[in-house]
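Encoded as structure tokens, the structure appears first; notes follow it.
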Amino acid sequence: MQRSRWMVLTAFVAALGGAACSPGHDAALDTSAAKTGSLGNGDFYFTCDDSVACSKYRNVSKDFPDAVAEGAVFHVQYQLFSNSITLKDNVPGQGYTLATVGRDYLTIGPEGFTGVKAGYGTVIVRTAEGHVVDFTTMKIAKPDAIAVYDLTEEQQGGAKLVTNAGLTMTVNDEKSLSAVARQHQADLAGVFEADWISDAPETVTVGTRVGGKISIQAMKAGTAHLTVQGAALTQQVTITVEAGK
């Protein structure tokens with residue numbers, strides 16, 4: 001049934017779309033992955049603010065993520081080949097707007113696009129008159145686990161997965177952590193918002209959450225368990241704090 005609906009949608013959109021135009025380019029969009037729309041009238045660009053879940057989709061030409069996490073937030077931009085008009089999320093640009101087909105799988109709001117439920121969502125570009133100029137689809141996947149990364153040394157060697165290994169800190173140390181949704185041990189794209197709780201705040205305190213990221217500080221020697229909850233999933237990380245010199 002889902003495939004049948006998709007075939008109908010494809011035929012419908014193709015009938016509304018025009019012929020592909022000559023490719024253009026906007027150097028300002030080089031930091032994101034690009035994917036030519038199914039009607040060939042421009043490129044879609046996928047970005048999200050969580051560096052761990054999104055970095056692999058930057059600087060890779062014509063590549064979108066394999067899947068976006070259900071409940072995760074991300075951004076889409078689109079550049080028309082014909083006149084270099086660039087659209088972002090739900091901000092109209094010179095008569096064109098990005099939108100979604102229905103609200104079953106994808107929604108769009110002030111924070112960007114959100115994956116609503118597992119399946120395939122469609123992002124369209126349309127004119128003020130409602131004509132479809134281009135479209136692309138993306139997979140929305142239901143997470144089955146949460147991965148926790150240490151971002152502290154991200155610039156030196158990449159974020160470190162600490163879900164099972166845990167963390168060792170010294171009193172007064174601070175670290176930045178990120179929660180990433182996973183399915184079948186593969187990271188899913190999109191900002192995954194989770195709640196972070198320390199069972200020993202006198203040992204490790206939790207700072208303000210920003211998207212899928214959190215800062216923690218070691219207060220005194222001991223052990224604390226950091227619980228991460230989101231999308232009906234729970235993950236725990238053990239943090240050992242040493243007194244230091």
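If you're wondering about the labels, chains in the structure tokens are A, B, ... by order shown, residues count from 1 in each chain, ligands from 1 in order shown.
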
Please return, as a PyMOL selection string, all residues of region 57-238 of chain A that DSSP assigns to helix (DSSP H, G or I) on the basis of the backbone. chain A and resi 57+154-157

Which residues of region 87-176 of chain A have any atom within 6 Å of an atom in region 36-53 of chain A when counting only C-alpha atoms, and what is the closest pair of atoms for each, with the distance in Å to one decimal? Order the rows by chain and rising number and write it as a tab-separated table.
```
residue	atom	partner	partner_atom	distance
A:Asp134	CA	A:Leu39	CA	5.2
A:Phe135	CA	A:Gly37	CA	5.4
A:Thr136	CA	A:Gly37	CA	5.4
```

Output as a PyMOL selection string all residues of region 9-228 of chain A that backbone DSSP marks as strand (DSSP E). chain A and resi 33-36+42-47+68-69+73-80+86-88+96-100+106-109+112-115+119-127+132-141+145-150+160-161+167-170+174-183+186-187+195-198+204-206+213-218+222-228

For Ile140 (chain A), list every protein, DNA or RNA residue within 10 Å, evaluated using only C-alpha atoms, and leave out those in the same chain fewer than 5 positions away; present the list as a list in words.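 Result of the neighbour search: Asp66, Ala67, Val68, Ala69, Glu70, Gly71, Ala72, Tyr105, Leu106, Thr114, Gly115, Val116, Lys117, Ala118, Gly119, Tyr120, Gly121, Leu188 and Ala189 of chain A.
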
Between A:Phe74, A:Leu98, A:Thr107, A:Leu151, single out the one closest to Gly130 (chain A), counting only C-alpha atoms.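 Closest residue, counting only C-alpha atoms: A:Leu98.
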
What does the distance between CA of Gly109 (chain A) and CA of Phe81 (chain A) come to in Å, to one decimal place?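 Between these atoms lies a distance of 25.5 Å.
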